[in-house]
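Participant: Structure file query_30.cif (mmCIF, C-alpha atoms and all ligand atoms) right here:
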```
data_run
#
loop_
_atom_site.label_atom_id
_atom_site.label_comp_id
_atom_site.auth_asym_id
_atom_site.auth_seq_id
_atom_site.Cartn_x
_atom_site.Cartn_y
_atom_site.Cartn_z
CA MET A 1 13.99 -12.63 4.97
CA GLN A 2 11.73 -9.65 5.62
CA ALA A 3 8.76 -11.69 4.39
CA ILE A 4 9.60 -14.55 6.78
CA LEU A 5 9.96 -12.16 9.73
CA GLY A 6 6.79 -10.33 8.72
CA ILE A 7 4.47 -13.37 8.91
CA PRO A 8 4.46 -13.83 12.72
CA ILE A 9 4.20 -10.07 13.26
CA ALA A 10 1.29 -9.82 10.80
CA TYR A 11 -0.49 -12.70 12.60
CA LEU A 12 0.14 -11.06 16.00
CA VAL A 13 -1.17 -7.73 14.72
CA LEU A 14 -4.26 -9.44 13.30
CA VAL A 15 -4.96 -11.14 16.67
CA LEU A 16 -4.43 -7.84 18.53
CA GLU A 17 -6.79 -6.05 16.14
CA ILE A 18 -9.44 -8.74 16.70
CA ILE A 19 -9.06 -8.18 20.49
CA VAL A 20 -9.36 -4.41 19.91
CA LEU A 21 -12.56 -4.84 17.88
CA ILE A 22 -14.09 -7.20 20.48
CA ALA A 23 -13.17 -4.71 23.27
CA LEU A 24 -14.83 -1.91 21.28
CA LEU A 25 -18.00 -3.95 20.76
CA ILE A 26 -18.11 -5.03 24.44
CA GLY A 27 -17.55 -1.40 25.51
CA TRP A 28 -20.46 -0.36 23.33
CA ARG A 29 -22.91 -3.22 23.99
CA TYR A 30 -22.32 -3.86 27.71
CA GLY A 31 -20.79 -0.49 28.61
CA ALA A 32 -22.38 2.47 26.85
CA SER A 33 -25.74 0.83 26.03
CA LYS A 34 -26.24 -0.26 29.66
CA LYS A 35 -24.85 3.03 31.03
CA ASN A 36 -21.92 1.15 32.59
CA PHE A 37 -19.45 3.91 31.75
CA ASP A 38 -16.69 2.38 33.86
CA LEU A 39 -16.67 -0.70 31.61
CA HIS A 40 -16.94 1.50 28.50
CA HIS A 41 -13.92 3.58 29.58
CA LYS A 42 -11.82 0.52 30.46
CA ALA A 43 -12.57 -0.96 27.03
CA VAL A 44 -11.61 2.31 25.31
CA TYR A 45 -8.32 2.56 27.26
CA LEU A 46 -7.41 -1.01 26.21
CA VAL A 47 -8.28 -0.18 22.60
CA VAL A 48 -6.14 2.99 22.61
CA LEU A 49 -3.17 1.20 24.21
CA ILE A 50 -3.11 -1.76 21.81
CA HIS A 51 -3.99 0.30 18.75
CA ILE A 52 -1.14 2.79 19.34
CA LEU A 53 1.25 -0.18 19.31
CA THR A 54 -0.15 -2.00 16.24
CA VAL A 55 -0.63 1.10 14.09
CA GLY A 56 2.40 3.07 15.35
CA LEU A 57 4.97 0.27 15.35
CA TRP A 58 3.73 -1.89 12.48
CA MET A 59 1.10 -0.45 10.15
CA ILE A 60 2.44 3.08 9.62
CA PRO A 61 6.06 1.94 8.97
CA ARG A 62 4.73 -0.74 6.56
CA ALA A 63 2.47 1.80 4.84
CA LEU A 64 5.41 4.22 4.36
CA GLU A 65 7.59 1.39 3.04
CA ARG A 66 4.97 0.55 0.40
CA LEU A 67 3.82 4.06 -0.41
CA SER A 68 5.50 4.44 -3.82
CA PHE A 69 4.62 0.87 -4.85
CA MET A 70 1.02 1.41 -3.74
CA LEU A 71 0.63 4.71 -5.60
CA SER A 72 2.31 3.35 -8.75
CA ASN A 73 -0.79 1.19 -9.31
CA PRO A 74 -3.68 2.64 -7.32
CA ILE A 75 -6.33 0.51 -9.06
CA ALA A 76 -4.69 -2.81 -8.17
CA ASN A 77 -3.91 -1.56 -4.65
CA TRP A 78 -7.29 0.10 -4.02
CA TYR A 79 -7.92 -1.86 -0.79
CA GLN A 80 -4.61 -0.65 0.69
CA ILE A 81 -5.36 2.97 -0.17
CA VAL A 82 -8.95 2.78 1.15
CA HIS A 83 -7.75 0.90 4.27
CA ASP A 84 -5.17 3.58 5.09
CA VAL A 85 -7.53 6.50 4.46
CA VAL A 86 -10.45 4.90 6.35
CA GLY A 87 -8.03 3.83 9.14
CA ILE A 88 -6.73 7.39 9.55
CA LEU A 89 -10.35 8.65 9.61
CA ALA A 90 -11.34 6.07 12.27
CA ILE A 91 -8.39 7.01 14.50
CA GLY A 92 -9.05 10.74 13.91
CA LEU A 93 -12.71 10.36 14.93
CA GLY A 94 -11.69 8.33 18.01
CA ILE A 95 -9.21 11.02 19.11
CA LEU A 96 -11.82 13.75 18.50
CA LEU A 97 -14.33 11.94 20.75
CA VAL A 98 -11.76 11.47 23.52
CA LEU A 99 -10.83 15.17 23.33
CA VAL A 100 -14.47 16.30 23.45
CA PHE A 101 -15.00 14.35 26.68
CA LEU A 102 -11.71 15.48 28.18
CA VAL A 103 -12.57 19.15 27.62
CA LYS A 104 -16.15 18.76 28.86
CA SER A 105 -15.52 16.64 31.92
CA GLY A 106 -18.28 15.09 34.01
CA MET A 107 -19.97 13.63 30.91
CA PRO A 108 -23.13 15.72 30.67
CA LEU A 109 -26.04 13.65 29.31
CA LYS A 110 -26.70 16.27 26.62
CA LEU A 111 -23.17 15.88 25.27
CA LEU A 112 -23.48 12.09 25.33
CA LYS A 113 -26.64 12.31 23.27
CA ARG A 114 -25.12 14.81 20.81
CA THR A 115 -21.97 12.75 20.24
CA ARG A 116 -23.87 9.46 19.77
CA PRO A 117 -24.04 9.70 15.95
CA LEU A 118 -20.29 10.43 15.90
CA MET A 119 -19.67 7.31 18.02
CA PHE A 120 -21.72 5.18 15.59
CA LEU A 121 -19.83 6.69 12.66
CA THR A 122 -16.50 5.93 14.40
CA ILE A 123 -17.39 2.29 15.04
CA GLY A 124 -18.73 1.89 11.47
CA VAL A 125 -15.59 3.35 9.90
CA TRP A 126 -13.46 1.27 12.31
CA ILE A 127 -15.17 -1.96 11.21
CA LEU A 128 -14.64 -1.01 7.55
CA ALA A 129 -10.90 -0.44 8.19
CA PHE A 130 -10.75 -3.78 10.03
CA VAL A 131 -12.47 -5.71 7.20
CA LEU A 132 -10.15 -4.17 4.59
CA GLY A 133 -7.16 -4.95 6.87
CA VAL A 134 -8.21 -8.62 7.06
CA TYR A 135 -8.66 -8.69 3.25
CA TRP A 136 -5.19 -7.19 2.86
CA PHE A 137 -3.75 -9.72 5.33
CA LEU A 138 -5.27 -12.60 3.32
CA ILE A 139 -3.91 -11.25 0.02
CA ALA A 140 -0.44 -10.47 1.41
CA TRP A 141 0.20 -13.49 3.61
CA ILE A 142 -2.27 -16.31 2.90
CA TRP A 143 -3.38 -16.25 -0.76
CA ILE A 144 0.09 -15.44 -2.18
C1 LIG B 1 -9.09 1.73 12.86
C2 LIG B 1 -7.96 1.69 12.23
C3 LIG B 1 -7.32 0.44 11.68
C4 LIG B 1 -7.69 -0.88 11.79
C5 LIG B 1 -8.90 -1.48 12.52
C6 LIG B 1 -6.70 -1.66 11.07
C7 LIG B 1 -6.71 -3.05 10.95
C8 LIG B 1 -5.76 -3.79 10.25
C9 LIG B 1 -5.70 -5.24 10.20
C10 LIG B 1 -6.68 -6.19 10.90
C11 LIG B 1 -4.65 -5.56 9.41
C12 LIG B 1 -4.18 -7.00 9.06
C13 LIG B 1 -3.02 -7.46 9.93
C14 LIG B 1 -1.67 -7.39 9.21
O1 LIG B 1 -1.59 -7.68 8.02
O2 LIG B 1 -0.69 -7.04 9.86
C15 LIG B 1 -4.03 -4.33 8.94
C16 LIG B 1 -2.93 -4.25 8.11
C17 LIG B 1 -2.32 -3.09 7.72
N1 LIG B 1 -2.68 -1.80 8.06
FE1 LIG B 1 -4.21 -1.30 9.28
N2 LIG B 1 -5.77 -0.80 10.52
C18 LIG B 1 -6.11 0.49 10.88
C19 LIG B 1 -5.43 1.67 10.55
C20 LIG B 1 -4.33 1.75 9.72
C21 LIG B 1 -3.62 2.98 9.39
C22 LIG B 1 -3.98 4.38 9.92
C23 LIG B 1 -2.59 2.63 8.55
C24 LIG B 1 -1.55 3.51 7.88
C25 LIG B 1 -1.75 4.70 7.40
C26 LIG B 1 -2.65 1.19 8.36
C27 LIG B 1 -1.79 0.45 7.57
C28 LIG B 1 -1.79 -0.93 7.46
C29 LIG B 1 -0.81 -1.68 6.70
C30 LIG B 1 0.36 -1.10 5.87
C31 LIG B 1 -1.16 -3.04 6.86
C32 LIG B 1 -0.44 -4.24 6.22
C33 LIG B 1 0.66 -4.72 7.14
C34 LIG B 1 1.31 -5.95 6.53
O3 LIG B 1 2.19 -5.76 5.73
O4 LIG B 1 0.87 -7.05 6.88
N3 LIG B 1 -3.71 0.69 9.09
N4 LIG B 1 -4.73 -3.27 9.47
#
```
Spit out the file's structure as structure tokens when you get a sec.
Ligand code: HEM

Facilitator:
Amino acid sequence: MQAILGIPIAYLVLVLEIIVLIALLIGWRYGASKKNFDLHHKAVYLVVLIHILTVGLWMIPRALERLSFMLSNPIANWYQIVHDVVGILAIGLGILLVLVFLVKSGMPLKLLKRTRPLMFLTIGVWILAFVLGVYWFLIAWIWI
């Protein structure tokens, strides 16, 4: 029953995560790179809003449900463990960046330049979490 209910939610979450990734890439390519910070900020707000819902309402409860099963065989479930750890890191880096810019308002150019490597790291780690999430989705719901 739970498996049947889970399929449409998992698909919905996958679609939402694809939208989130596209919004992040648009915010970077057409926002930050072209100094269109308004577009960049709108993209980030959309990402935060959707991601809070997908991770908070679906992924974290699912991760907690599976925790003992996952840790009972870490080698077989490596992609789940790496996905969760990398996912937490990506969200942590994202929150850190938002906080840095909230504290130092006005977006000084120096700060933008100094945080650039952190932004690249965040997007890289984010993409890794996404790829592992898609792999997990395929194993759990498609290749079963
Ligand atoms: C940048 C951060 C993250 C991204 C981009 C991401 C992306 C994804 C994607 C695309 C899926 C496949 C859709 C699905 O099966 O529902 C997924 C599944 C999952 N994610 Fe994440 N995720 C992130 C963070 C996290 C975190 C922090 C946790 C928990 C600690 C987590 C736990 C899970 C779980 C348990 C599933 C499987 C859900 C299921 O049973 O289908 N994710 N993730």

Participant: For ligand LIG 1 (chain B), list the contacting residues at 6 Å or closer, counting all atoms listed in the file, as JSON, numbers by chain.

Facilitator: {"A": [10, 13, 14, 17, 55, 59, 60, 62, 63, 84, 87, 88, 90, 91, 126, 129, 130, 133, 134, 137]}

Participant: I'd like to know which of A:Leu96, A:Val47, A:Leu111, A:Trp136 is closest to Trp78 in chain A, using all atoms listed in the file.

Facilitator: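 Counting all atoms listed in the file, the residue closest to Trp78 in chain A is A:Trp136.
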
Participant: Using all atoms listed in the file, can you tell me which of A:Leu99, A:Met119, A:Ile26, A:Leu16 comes closest to Lys42 in chain A?

Facilitator: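 Of the candidates, the smallest distance to Lys42 in chain A is held by A:Ile26.
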
Participant: Find, counting all atoms listed in the file, the residue in A:Glu65, A:Trp28, A:Pro117, A:Leu132 that gets nearest to Ile81 in chain A.

Facilitator: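 Counting all atoms listed in the file, the residue closest to Ile81 in chain A is A:Leu132.
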
Participant: Tell me, in Å to one decimal, how far CA of Ile9 in chain A is from CA of Leu57 in chain A.

Facilitator: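 Answer for the CA of Ile9 in chain A to CA of Leu57 in chain A separation: 10.6 Å.
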
Participant: Padding of 8 Å on every side, edges along x, y and z, all listed atoms of range 108-118 of chain A included: what centre and edge lengths in Å, to one decimal, does that box have, as lines of an AutoDock Vina configuration file?

Facilitator:
```
center_x = -23.5
center_y = 12.9
center_z = 23.3
size_x = 22.4
size_y = 22.8
size_z = 30.8
```

Participant: Record the distance separating CA of Val100 in chain A and CA of Val82 in chain A, expressed in Å with one decimal.

Facilitator: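 Going from CA of Val100 in chain A over to CA of Val82 in chain A covers 26.7 Å.
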
Participant: May I ask which of the residues A:Arg114, A:Val44, A:Ala32, A:Gly6 is the closest one to Ile19 in chain A, counting all atoms listed in the file?

Facilitator: A:Val44

Participant: Please report the interatomic distance between CA of Phe37 in chain A and CA of Ile127 in chain A in Å with one decimal.

Facilitator: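 Computing the Euclidean distance for CA of Phe37 in chain A and CA of Ile127 in chain A yields 21.8 Å.
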
Participant: Can you work out which one of A:Phe101, A:Phe120, A:Tyr79, A:Tyr45 has the shortest atom-to-atom distance to Ile139 in chain A, counting all atoms listed in the file?

Facilitator: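 Closest to Ile139 in chain A of all the choices is A:Tyr79.
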
Participant: For Thr54 in chain A, which of A:Ile123, A:Val20, A:Gly92, A:Ile7 is the closest residue, counting only C-alpha atoms?

Facilitator: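 Looking at the shortest contact to Thr54 in chain A, the residue is A:Val20.
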
Participant: Grab range 121-133 of chain A from that structure and dump N, CA and C atoms to a file, as a PDB file, in the first residue's frame.

Facilitator:
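Result file is selection-v2.pdb:
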```pdb
ATOM      1  N   LEU A 121      31.150  25.431  -5.241  1.00  0.00           N
ATOM      2  CA  LEU A 121      31.162  24.192  -4.453  1.00  0.00           C
ATOM      3  C   LEU A 121      29.709  23.756  -4.163  1.00  0.00           C
ATOM      4  N   THR A 122      28.866  24.738  -3.789  1.00  0.00           N
ATOM      5  CA  THR A 122      27.469  24.425  -3.464  1.00  0.00           C
ATOM      6  C   THR A 122      26.771  23.806  -4.669  1.00  0.00           C
ATOM      7  N   ILE A 123      26.926  24.403  -5.838  1.00  0.00           N
ATOM      8  CA  ILE A 123      26.232  23.895  -7.021  1.00  0.00           C
ATOM      9  C   ILE A 123      26.779  22.515  -7.415  1.00  0.00           C
ATOM     10  N   GLY A 124      28.106  22.317  -7.239  1.00  0.00           N
ATOM     11  CA  GLY A 124      28.717  21.015  -7.555  1.00  0.00           C
ATOM     12  C   GLY A 124      28.179  19.923  -6.642  1.00  0.00           C
ATOM     13  N   VAL A 125      28.139  20.212  -5.353  1.00  0.00           N
ATOM     14  CA  VAL A 125      27.665  19.243  -4.362  1.00  0.00           C
ATOM     15  C   VAL A 125      26.169  18.978  -4.590  1.00  0.00           C
ATOM     16  N   TRP A 126      25.437  20.035  -4.951  1.00  0.00           N
ATOM     17  CA  TRP A 126      24.002  19.931  -5.228  1.00  0.00           C
ATOM     18  C   TRP A 126      23.750  18.962  -6.392  1.00  0.00           C
ATOM     19  N   ILE A 127      24.544  19.137  -7.456  1.00  0.00           N
ATOM     20  CA  ILE A 127      24.378  18.282  -8.644  1.00  0.00           C
ATOM     21  C   ILE A 127      24.688  16.821  -8.277  1.00  0.00           C
ATOM     22  N   LEU A 128      25.714  16.624  -7.442  1.00  0.00           N
ATOM     23  CA  LEU A 128      26.060  15.261  -7.021  1.00  0.00           C
ATOM     24  C   LEU A 128      24.890  14.639  -6.233  1.00  0.00           C
ATOM     25  N   ALA A 129      24.291  15.413  -5.328  1.00  0.00           N
ATOM     26  CA  ALA A 129      23.141  14.903  -4.550  1.00  0.00           C
ATOM     27  C   ALA A 129      21.980  14.580  -5.497  1.00  0.00           C
ATOM     28  N   PHE A 130      21.786  15.434  -6.501  1.00  0.00           N
ATOM     29  CA  PHE A 130      20.701  15.223  -7.468  1.00  0.00           C
ATOM     30  C   PHE A 130      20.927  13.919  -8.249  1.00  0.00           C
ATOM     31  N   VAL A 131      22.151  13.736  -8.763  1.00  0.00           N
ATOM     32  CA  VAL A 131      22.453  12.543  -9.570  1.00  0.00           C
ATOM     33  C   VAL A 131      22.240  11.272  -8.732  1.00  0.00           C
ATOM     34  N   LEU A 132      22.716  11.305  -7.475  1.00  0.00           N
ATOM     35  CA  LEU A 132      22.539  10.132  -6.613  1.00  0.00           C
ATOM     36  C   LEU A 132      21.058   9.920  -6.283  1.00  0.00           C
ATOM     37  N   GLY A 133      20.300  11.032  -6.162  1.00  0.00           N
ATOM     38  CA  GLY A 133      18.846  10.934  -5.915  1.00  0.00           C
ATOM     39  C   GLY A 133      18.143  10.271  -7.095  1.00  0.00           C
TER      40      GLY A 133
END
```
